[in-house]
Amino acid sequence: MTKHVAIRASVCPHDCPSTCALEVEIKEDGRIGRVRGAADNSYTAGVICAKVARYAERAHHPDRLTVPLARTGPKGSGQFAPISWDDALDRIADALLAIERTHGAQSIWPYFYAGTMGHVMRDGINRLTHAKGYSRFFSSICVNPAWTGYMVGTGRLAGADPREMGRSDLVVIWGTNAVATQVNVMTHAVKARKERGAKIAVVDVYRTPTMEQADIPLLLRPGTDGALACAVMHVLFRDGLADRDYLARFASGAEELEAHLATRDPAWAAAITGLSVADIEAFARLVGETPRAYFRVGYGLSRSRNGAVNMHAVTCIPVVSGAWQHEGGGAFHSNSGIYGLRKSMIEGLDLRNPATRALDQSRIGPILCGEEDALAGGPPVKALLIQNTNPLTVAPDQEKVRRGFAREDLFVAVHEHFMTDTARYADIVLPATMFTEHDDLYTAGGHQHILFGPKLTDPPGECRSNHDVIRALAARLGAEHPGFALSPRELIDRTLQDSNRGTLAELEAARFLDVQPDFETAHYLKGFGHRDGRFRLKPDWSRIPIPTPGTFGPADQMPPLPDHWAIIEEATPEHPFRLVTAPARNFLNTTFTETPTSSRREGAPSLLIHPEDAAALGVNEGDRVLVSNPRGRVVLEARLFDGLRRGVVVSEQIKPNHAHEQGHGINTLTGADPVAPAGGAAFHDNRVRIEKAA
């Protein structure tokens, strides 16, 4: 007899623009089964990635944390003993109060990120930060170069309806391996090819599974996207394919840009990018001759020291061509700016003190090592309260991060699902709920829906939600705010009503709310987001369009017009290879590294290297190679791959540090120097030396 299985609506909580609407099997025993995409959601369209489809592997993993733990051995040893929740919370509160009395509130740094994208569970920690006056968290590690580069042109973080890809005649997927990282992009792009005969162009730095599906693959050197964009626009102006009427109505700086691009021809770009002149010319003509050209721009092109400049240059193309005027044309990076959620009750924004320092997430290594410029004029950090993130694997400049976490005078509490590299260095580890085990509210960068994810199952053991932990600590720490007294459902309902987005009851009944702006607004035909309504072809880099504590990196050296900004870590004779640390198909940063299917499919920590480069080094398939630069050394397994430019290598995984030989993960090699002008980490911009390991 078949056991009854209920199908319940939910939302994928992970750090992906797709934020898929889900249907989750709930078995009679309360465990989850298969997870599917919601067919009635117009963006998800029934399709989700394989790693989330098998989420039961993660939710019911035997190694999942289920009780609070206290460290009994040296930091990093993984030696812990179970304790009660009251004991764990008391120890954390006592430590934080003692540190506050001795060193001041700003010596405590709540640190979190996108282990969940739910607004209540991710951002509620800010309510405690503001109520106590702890050091604020400057979120920089992912979006800042991309969002800055996009918004400095458009004036707003929004774009053409992503479902319009299905009604395009040319879909340009630039700087994202959508097959691996946001599969729904491919759903709509392939629809356009099947129904309209659309061409798919893919611009990337290695032959990804996405590029393998392209009609027009454009394989360029890392950090040279701006050069390709300039050459495309050069051709548009040169060959009469620029829409001068559109530019006159909707852009500023067109004459200066055209004059500037006179020397940025395809031959100039070919020498920088590695592409042929013929390929650049053909791509540019196709863009100029296809009114319905849709630019789906990802994050990869922004993960270089010139990332913001690259993003802006690429988004100038559909302005010069006038593609924004047409359905299925224009550009899209993120819709995060359309939701207008007022989250004061969730985040305690009414208590936020702008004078309290904000510490840069990406520079956690220099911060914990006490580097004065990273501490923003405040005291050393003496305590970390960490939710939703694993900086001891994810953050750049790992040797500094490791040294910082090894400090005996640093108190660390971690709220997690598994014993991560970061949790192994904690004093107290708390077991966290997963997305089907609590209520939360979601919005998407990659589409236009507000979604509610209800609690569907009871958590295993003694797992508690982020909200419950923050509320319990607030009571012990004397932190006061009305938000601490509300349940997650009450916080969601209040946030929706404060934001004029209806009520929780209405959202729950509808499953999701489509808030896509109308066509003219989404395509900026009523004007771009700047005061004069014009797209900035000549951006003002001194006016950062996202909230930051200040400017970062060599912001004063940024080019005034789209260009190839030669500030990347170019190869040298000592370090002759460019390393890109790209996302893995079966992981999401360090999430899913613990599940057996994902781990098996990704295999050992590895390095993609061109066969001719490998031969010159005497390296064969499967050999151990030592990859090094002044930041550190990592041992990887060589995988020969001809889908690279010579001199470029790619490591697709963020495996746990302990999965690597010698315990040094891939972010040992990445730098924590911030990307201009709004911060961020240049994960795809590293020069390295490679030699066969002894």
# chains A, B, ... in the order shown; residues from 1 in each chain; ligands from 1
call {"tool": "residues_around", "arguments": {"residues": "Phe577 in chain A", "least_positions_apart": "4", "cutoff": "8 Å", "atoms": "only C-alpha atoms", "output": "PyMOL selection string"}}
result
chain A and resi 571-572+647-649+687-690
call {"tool": "write_last_selection", "arguments": {"atoms": "C-alpha atoms", "output": "CSV table (one decimal), in the first residue's frame"}}
result
chain,number,residue,atom,x,y,z
A,571,ALA,CA,50.2,37.3,-15.1
A,572,THR,CA,53.9,37.9,-14.5
A,647,GLY,CA,47.4,30.9,-19.3
A,648,VAL,CA,44.0,30.7,-17.7
A,649,VAL,CA,43.1,28.1,-15.0
A,687,ARG,CA,47.7,35.5,-10.6
A,688,VAL,CA,49.3,32.2,-9.6
A,689,ARG,CA,52.3,29.9,-10.1
A,690,ILE,CA,51.7,26.2,-10.9
call {"tool": "residues_around", "arguments": {"residues": "range 305-320 of chain A", "least_positions_apart": "6", "cutoff": "7 Å", "atoms": "only C-alpha atoms", "output": "PyMOL selection string"}}
result
chain A and resi 145-146+148-150+153+223+225-226+229-230+233+242-243+247+330-331+537+562-563+565+567-568+675+682+685
call {"tool": "closest_residue", "arguments": {"among": "A:Pro110, A:Pro17, A:Gly329, A:Pro209", "to": "Leu385 in chain A", "atoms": "only C-alpha atoms"}}
result
A:Pro110
call {"tool": "atom_distance", "arguments": {"atom1": "CA of Asp373 in chain A", "atom2": "CA of Phe552 in chain A"}}
result
11.3 Å
call {"tool": "atom_distance", "arguments": {"atom1": "CA of Phe295 in chain A", "atom2": "CA of Ala38 in chain A"}}
result
25.7 Å
call {"tool": "select_by_dssp", "arguments": {"residues": "range 250-488 of chain A", "states": "strand (DSSP E or B)", "output": "CSV table (one decimal) with all heavy atoms, in the first residue's frame"}}
result
chain,number,residue,atom,x,y,z
A,251,ALA,N,19.9,59.1,-23.1
A,251,ALA,CA,21.3,58.9,-22.6
A,251,ALA,C,22.0,60.3,-22.5
A,251,ALA,O,21.7,61.2,-23.2
A,251,ALA,CB,22.1,58.0,-23.5
A,252,SER,N,23.0,60.3,-21.6
A,252,SER,CA,23.9,61.4,-21.6
A,252,SER,C,25.3,60.9,-21.8
A,252,SER,O,25.7,59.8,-21.4
A,252,SER,CB,23.8,62.1,-20.2
A,252,SER,OG,24.2,61.3,-19.2
A,293,ALA,N,17.3,42.3,-28.7
A,293,ALA,CA,18.5,41.7,-28.1
A,293,ALA,C,18.5,41.9,-26.6
A,293,ALA,O,18.4,43.0,-26.1
A,293,ALA,CB,19.8,42.4,-28.7
A,294,TYR,N,18.4,40.8,-25.9
A,294,TYR,CA,18.3,40.8,-24.4
A,294,TYR,C,19.6,40.5,-23.8
A,294,TYR,O,20.1,39.3,-24.0
A,294,TYR,CB,17.2,39.8,-24.0
A,294,TYR,CG,16.7,39.9,-22.6
A,294,TYR,CD1,15.5,40.5,-22.3
A,294,TYR,CD2,17.5,39.5,-21.5
A,294,TYR,CE1,15.0,40.5,-21.0
A,294,TYR,CE2,17.1,39.6,-20.2
A,294,TYR,CZ,15.8,40.1,-19.9
A,294,TYR,OH,15.4,40.2,-18.6
A,295,PHE,N,20.1,41.4,-23.0
A,295,PHE,CA,21.4,41.1,-22.3
A,295,PHE,C,21.1,40.7,-20.8
A,295,PHE,O,20.7,41.4,-20.0
A,295,PHE,CB,22.3,42.4,-22.3
A,295,PHE,CG,22.9,42.7,-23.6
A,295,PHE,CD1,22.1,43.2,-24.6
A,295,PHE,CD2,24.2,42.4,-23.8
A,295,PHE,CE1,22.7,43.5,-25.9
A,295,PHE,CE2,24.8,42.7,-25.0
A,295,PHE,CZ,24.0,43.2,-26.1
A,296,ARG,N,21.3,39.4,-20.6
A,296,ARG,CA,21.2,38.8,-19.2
A,296,ARG,C,22.6,38.8,-18.6
A,296,ARG,O,23.4,37.9,-18.9
A,296,ARG,CB,20.6,37.4,-19.3
A,296,ARG,CG,20.4,36.8,-17.9
A,296,ARG,CD,19.5,37.7,-17.0
A,296,ARG,NE,19.2,37.1,-15.7
A,296,ARG,CZ,19.9,37.2,-14.6
A,296,ARG,NH1,21.1,37.9,-14.7
A,296,ARG,NH2,19.6,36.7,-13.5
A,297,VAL,N,22.9,39.8,-17.8
A,297,VAL,CA,24.2,40.0,-17.3
A,297,VAL,C,24.4,39.4,-15.9
A,297,VAL,O,23.6,39.8,-15.0
A,297,VAL,CB,24.5,41.5,-17.3
A,297,VAL,CG1,26.0,41.7,-17.0
A,297,VAL,CG2,24.1,42.1,-18.6
A,330,GLY,N,16.8,44.9,-24.3
A,330,GLY,CA,17.3,45.6,-23.1
A,330,GLY,C,18.2,44.8,-22.3
A,330,GLY,O,19.0,44.0,-22.8
A,331,ALA,N,18.2,45.0,-21.0
A,331,ALA,CA,19.2,44.3,-20.1
A,331,ALA,C,18.5,44.0,-18.8
A,331,ALA,O,17.6,44.6,-18.4
A,331,ALA,CB,20.4,45.2,-19.9
A,332,PHE,N,19.1,43.0,-18.2
A,332,PHE,CA,18.7,42.6,-16.9
A,332,PHE,C,19.8,42.1,-16.1
A,332,PHE,O,20.6,41.2,-16.6
A,332,PHE,CB,17.6,41.5,-16.9
A,332,PHE,CG,17.0,41.1,-15.6
A,332,PHE,CD1,16.0,41.8,-15.0
A,332,PHE,CD2,17.6,40.1,-14.9
A,332,PHE,CE1,15.5,41.5,-13.8
A,332,PHE,CE2,17.1,39.7,-13.6
A,332,PHE,CZ,16.1,40.4,-13.1
A,358,ALA,N,30.9,50.3,10.5
A,358,ALA,CA,30.4,49.2,9.7
A,358,ALA,C,31.7,48.5,9.2
A,358,ALA,O,32.5,49.1,8.5
A,358,ALA,CB,29.5,49.6,8.6
A,359,LEU,N,31.9,47.2,9.6
A,359,LEU,CA,33.0,46.5,9.2
A,359,LEU,C,32.8,45.7,7.9
A,359,LEU,O,31.7,45.1,7.8
A,359,LEU,CB,33.5,45.5,10.3
A,359,LEU,CG,33.9,46.2,11.6
A,359,LEU,CD1,34.2,45.2,12.7
A,359,LEU,CD2,35.2,47.1,11.4
A,360,ASP,N,33.8,45.6,7.1
A,360,ASP,CA,33.6,45.0,5.7
A,360,ASP,C,33.7,43.5,5.8
A,360,ASP,O,34.8,42.9,6.2
A,360,ASP,CB,34.8,45.6,4.8
A,360,ASP,CG,34.7,45.1,3.4
A,360,ASP,OD1,33.8,44.3,3.1
A,360,ASP,OD2,35.4,45.7,2.6
A,383,ALA,N,34.6,39.5,19.7
A,383,ALA,CA,33.6,38.4,19.6
A,383,ALA,C,32.9,38.5,18.3
A,383,ALA,O,32.6,39.6,17.8
A,383,ALA,CB,32.6,38.6,20.8
A,384,LEU,N,32.6,37.3,17.8
A,384,LEU,CA,31.8,37.1,16.6
A,384,LEU,C,30.6,36.3,16.9
A,384,LEU,O,30.6,35.2,17.6
A,384,LEU,CB,32.6,36.4,15.5
A,384,LEU,CG,33.7,37.2,14.9
A,384,LEU,CD1,34.6,36.2,14.0
A,384,LEU,CD2,33.2,38.3,13.9
A,385,LEU,N,29.4,36.7,16.5
A,385,LEU,CA,28.2,36.0,16.5
A,385,LEU,C,27.8,35.7,15.0
A,385,LEU,O,27.4,36.6,14.3
A,385,LEU,CB,27.0,36.7,17.2
A,385,LEU,CG,25.7,36.1,17.2
A,385,LEU,CD1,25.7,34.7,17.9
A,385,LEU,CD2,24.6,37.0,17.9
A,386,ILE,N,27.9,34.4,14.6
A,386,ILE,CA,27.9,34.1,13.2
A,386,ILE,C,26.7,33.3,12.9
A,386,ILE,O,26.4,32.2,13.5
A,386,ILE,CB,29.2,33.3,12.8
A,386,ILE,CG1,30.4,34.2,13.0
A,386,ILE,CG2,29.1,32.9,11.3
A,386,ILE,CD1,31.7,33.5,12.7
A,387,GLN,N,25.9,33.7,11.9
A,387,GLN,CA,24.8,33.0,11.4
A,387,GLN,C,24.8,32.9,9.8
A,387,GLN,O,25.2,33.9,9.2
A,387,GLN,CB,23.4,33.7,11.7
A,387,GLN,CG,23.0,33.5,13.2
A,387,GLN,CD,21.7,34.0,13.5
A,387,GLN,OE1,21.2,35.0,13.0
A,387,GLN,NE2,20.9,33.4,14.4
A,411,PHE,N,36.2,35.4,21.1
A,411,PHE,CA,35.0,34.5,21.4
A,411,PHE,C,34.2,34.4,20.1
A,411,PHE,O,33.8,35.4,19.5
A,411,PHE,CB,34.2,35.1,22.5
A,411,PHE,CG,33.0,34.2,22.8
A,411,PHE,CD1,33.0,33.1,23.6
A,411,PHE,CD2,31.7,34.6,22.3
A,411,PHE,CE1,31.9,32.3,23.9
A,411,PHE,CE2,30.6,33.8,22.6
A,411,PHE,CZ,30.7,32.7,23.4
A,412,VAL,N,33.8,33.1,19.8
A,412,VAL,CA,33.0,32.9,18.6
A,412,VAL,C,31.8,32.0,18.9
A,412,VAL,O,32.0,30.9,19.5
A,412,VAL,CB,33.9,32.2,17.5
A,412,VAL,CG1,33.0,32.0,16.3
A,412,VAL,CG2,35.0,33.1,17.1
A,413,ALA,N,30.6,32.4,18.5
A,413,ALA,CA,29.4,31.6,18.6
A,413,ALA,C,28.9,31.4,17.1
A,413,ALA,O,28.8,32.4,16.4
A,413,ALA,CB,28.4,32.2,19.4
A,414,VAL,N,28.6,30.2,16.8
A,414,VAL,CA,28.2,29.9,15.4
A,414,VAL,C,26.8,29.1,15.4
A,414,VAL,O,26.7,28.2,16.2
A,414,VAL,CB,29.2,29.0,14.7
A,414,VAL,CG1,28.7,28.5,13.3
A,414,VAL,CG2,30.5,29.8,14.4
A,415,HIS,N,25.9,29.6,14.6
A,415,HIS,CA,24.6,29.0,14.5
A,415,HIS,C,24.5,28.4,13.1
A,415,HIS,O,24.5,29.1,12.1
A,415,HIS,CB,23.5,30.0,14.7
A,415,HIS,CG,22.1,29.5,14.8
A,415,HIS,ND1,21.0,30.2,14.7
A,415,HIS,CD2,21.7,28.2,15.1
A,415,HIS,CE1,19.9,29.5,14.9
A,415,HIS,NE2,20.3,28.3,15.2
A,416,GLU,N,24.5,27.0,13.0
A,416,GLU,CA,24.7,26.3,11.7
A,416,GLU,C,23.9,25.0,11.6
A,416,GLU,O,23.4,24.5,12.6
A,416,GLU,CB,26.2,26.0,11.6
A,416,GLU,CG,26.9,27.0,10.6
A,416,GLU,CD,26.5,26.9,9.2
A,416,GLU,OE1,25.6,26.1,8.8
A,416,GLU,OE2,27.0,27.7,8.4
A,428,ILE,N,31.0,28.1,21.0
A,428,ILE,CA,29.7,27.5,21.1
A,428,ILE,C,29.1,27.4,19.7
A,428,ILE,O,29.2,28.3,18.9
A,428,ILE,CB,28.8,28.4,22.0
A,428,ILE,CG1,29.3,28.7,23.4
A,428,ILE,CG2,27.4,27.8,22.0
A,428,ILE,CD1,29.3,27.4,24.3
A,429,VAL,N,28.6,26.2,19.5
A,429,VAL,CA,27.9,25.9,18.2
A,429,VAL,C,26.4,25.6,18.5
A,429,VAL,O,26.1,24.7,19.3
A,429,VAL,CB,28.6,24.7,17.5
A,429,VAL,CG1,27.8,24.4,16.2
A,429,VAL,CG2,30.0,25.0,17.2
A,430,LEU,N,25.5,26.2,17.8
A,430,LEU,CA,24.1,26.0,17.9
A,430,LEU,C,23.5,25.4,16.7
A,430,LEU,O,23.9,25.8,15.6
A,430,LEU,CB,23.4,27.4,18.2
A,430,LEU,CG,24.0,28.2,19.4
A,430,LEU,CD1,23.3,29.6,19.4
A,430,LEU,CD2,23.8,27.5,20.7
A,431,PRO,N,22.6,24.4,16.8
A,431,PRO,CA,22.0,23.8,15.7
A,431,PRO,C,20.8,24.6,15.1
A,431,PRO,O,19.9,25.1,15.8
A,431,PRO,CB,21.5,22.5,16.3
A,431,PRO,CG,21.1,22.8,17.7
A,431,PRO,CD,22.1,23.9,18.1
A,432,ALA,N,20.8,24.8,13.8
A,432,ALA,CA,19.8,25.7,13.1
A,432,ALA,C,18.8,24.9,12.3
A,432,ALA,O,19.0,23.8,11.9
A,432,ALA,CB,20.6,26.6,12.2
A,440,ASP,N,9.1,32.1,6.6
A,440,ASP,CA,9.9,33.2,6.1
A,440,ASP,C,9.4,33.8,4.9
A,440,ASP,O,8.5,33.2,4.2
A,440,ASP,CB,11.4,32.8,5.9
A,440,ASP,CG,12.4,33.8,6.3
A,440,ASP,OD1,12.0,35.0,6.4
A,440,ASP,OD2,13.5,33.5,6.6
A,441,LEU,N,9.9,35.0,4.6
A,441,LEU,CA,9.5,35.8,3.5
A,441,LEU,C,10.6,36.0,2.5
A,441,LEU,O,11.8,36.3,3.0
A,441,LEU,CB,9.0,37.2,4.0
A,441,LEU,CG,8.6,38.2,2.9
A,441,LEU,CD1,7.3,37.8,2.3
A,441,LEU,CD2,8.5,39.6,3.6
A,442,TYR,N,10.4,35.8,1.2
A,442,TYR,CA,11.5,35.9,0.2
A,442,TYR,C,11.1,36.8,-0.9
A,442,TYR,O,10.0,37.0,-1.3
A,442,TYR,CB,11.7,34.5,-0.4
A,442,TYR,CG,12.0,33.4,0.7
A,442,TYR,CD1,11.0,32.7,1.3
A,442,TYR,CD2,13.3,33.1,1.0
A,442,TYR,CE1,11.3,31.7,2.3
A,442,TYR,CE2,13.7,32.2,1.9
A,442,TYR,CZ,12.6,31.5,2.6
A,442,TYR,OH,13.0,30.5,3.5
A,443,THR,N,12.2,37.4,-1.4
A,443,THR,CA,12.1,38.1,-2.7
A,443,THR,C,13.3,37.6,-3.6
A,443,THR,O,14.2,37.0,-3.0
A,443,THR,CB,12.2,39.7,-2.5
A,443,THR,OG1,13.4,40.0,-1.7
A,443,THR,CG2,11.0,40.2,-1.8
A,449,HIS,N,8.9,38.1,-8.1
A,449,HIS,CA,7.9,37.6,-7.2
A,449,HIS,C,8.3,37.8,-5.7
A,449,HIS,O,9.4,37.6,-5.3
A,449,HIS,CB,7.6,36.1,-7.4
A,449,HIS,CG,6.9,35.8,-8.7
A,449,HIS,ND1,7.6,35.4,-9.8
A,449,HIS,CD2,5.6,35.9,-9.1
A,449,HIS,CE1,6.8,35.2,-10.8
A,449,HIS,NE2,5.6,35.5,-10.4
A,450,ILE,N,7.3,38.2,-4.9
A,450,ILE,CA,7.4,38.1,-3.4
A,450,ILE,C,6.8,36.7,-3.1
A,450,ILE,O,5.7,36.4,-3.5
A,450,ILE,CB,6.7,39.2,-2.7
A,450,ILE,CG1,7.3,40.6,-3.1
A,450,ILE,CG2,6.7,39.0,-1.2
A,450,ILE,CD1,6.5,41.7,-2.6
A,451,LEU,N,7.5,35.9,-2.2
A,451,LEU,CA,7.1,34.6,-1.9
A,451,LEU,C,7.1,34.3,-0.4
A,451,LEU,O,7.9,34.9,0.3
A,451,LEU,CB,8.0,33.6,-2.6
A,451,LEU,CG,8.3,33.8,-4.1
A,451,LEU,CD1,9.6,34.5,-4.3
A,451,LEU,CD2,8.3,32.4,-4.9
A,452,PHE,N,6.2,33.5,0.0
A,452,PHE,CA,6.1,33.1,1.4
A,452,PHE,C,6.5,31.6,1.5
A,452,PHE,O,6.0,30.7,0.8
A,452,PHE,CB,4.7,33.2,2.0
A,452,PHE,CG,4.5,32.7,3.4
A,452,PHE,CD1,5.3,33.2,4.4
A,452,PHE,CD2,3.6,31.7,3.6
A,452,PHE,CE1,5.1,32.7,5.7
A,452,PHE,CE2,3.4,31.2,4.9
A,452,PHE,CZ,4.2,31.7,5.9
A,453,GLY,N,7.4,31.3,2.4
A,453,GLY,CA,7.8,29.9,2.7
A,453,GLY,C,7.4,29.5,4.0
A,453,GLY,O,8.0,29.9,5.0
A,464,ARG,N,16.9,25.1,16.5
A,464,ARG,CA,16.1,26.3,16.6
A,464,ARG,C,16.4,27.3,15.5
A,464,ARG,O,17.5,27.3,14.9
A,464,ARG,CB,16.4,27.0,17.9
A,464,ARG,CG,15.9,26.2,19.2
A,464,ARG,CD,16.1,27.1,20.4
A,464,ARG,NE,15.8,26.3,21.6
A,464,ARG,CZ,15.8,26.7,22.9
A,464,ARG,NH1,16.1,28.0,23.1
A,464,ARG,NH2,15.6,25.9,23.9
call {"tool": "atom_distance", "arguments": {"atom1": "CA of Leu636 in chain A", "atom2": "CA of Lys692 in chain A"}}
result
9.9 Å
call {"tool": "select_by_dssp", "arguments": {"residues": "range 418-656 of chain A", "states": "alpha helix (DSSP H)", "output": "ChimeraX atom specification"}}
result
/A:466-477,488-498,504-510,519-522,596-602,611-617
call {"tool": "residues_around", "arguments": {"residues": "range 334-345 of chain A", "least_positions_apart": "6", "cutoff": "7 Å", "atoms": "only C-alpha atoms", "output": "list in words"}}
result
Arg156, Leu157, Ala158, Gly159, Ala444, Gly445, Gly446, His447, Gln448, Gly483, Leu491, Thr495, Asp498 and Ser499 of chain A
call {"tool": "residues_around", "arguments": {"residues": "range 258-269 of chain A", "least_positions_apart": "4", "cutoff": "7 Å", "atoms": "only C-alpha atoms", "output": "PDB file with C-alpha atoms, in the first residue's frame"}}
result
ATOM      1  CA  ALA A 227      37.272  45.747 -23.814  1.00  0.00           C
ATOM      2  CA  LEU A 228      34.794  43.525 -25.668  1.00  0.00           C
ATOM      3  CA  CYS A 230      33.822  48.871 -26.065  1.00  0.00           C
ATOM      4  CA  ALA A 231      34.635  47.164 -29.367  1.00  0.00           C
ATOM      5  CA  HIS A 234      32.696  50.979 -31.641  1.00  0.00           C
ATOM      6  CA  PHE A 237      28.753  53.695 -34.025  1.00  0.00           C
ATOM      7  CA  ALA A 254      26.878  59.821 -26.168  1.00  0.00           C
ATOM      8  CA  THR A 273      40.433  39.633 -24.867  1.00  0.00           C
ATOM      9  CA  VAL A 277      38.560  40.362 -34.840  1.00  0.00           C
ATOM     10  CA  ILE A 280      33.957  40.538 -32.401  1.00  0.00           C
ATOM     11  CA  GLU A 281      32.760  42.096 -35.664  1.00  0.00           C
TER      12      GLU A 281
END
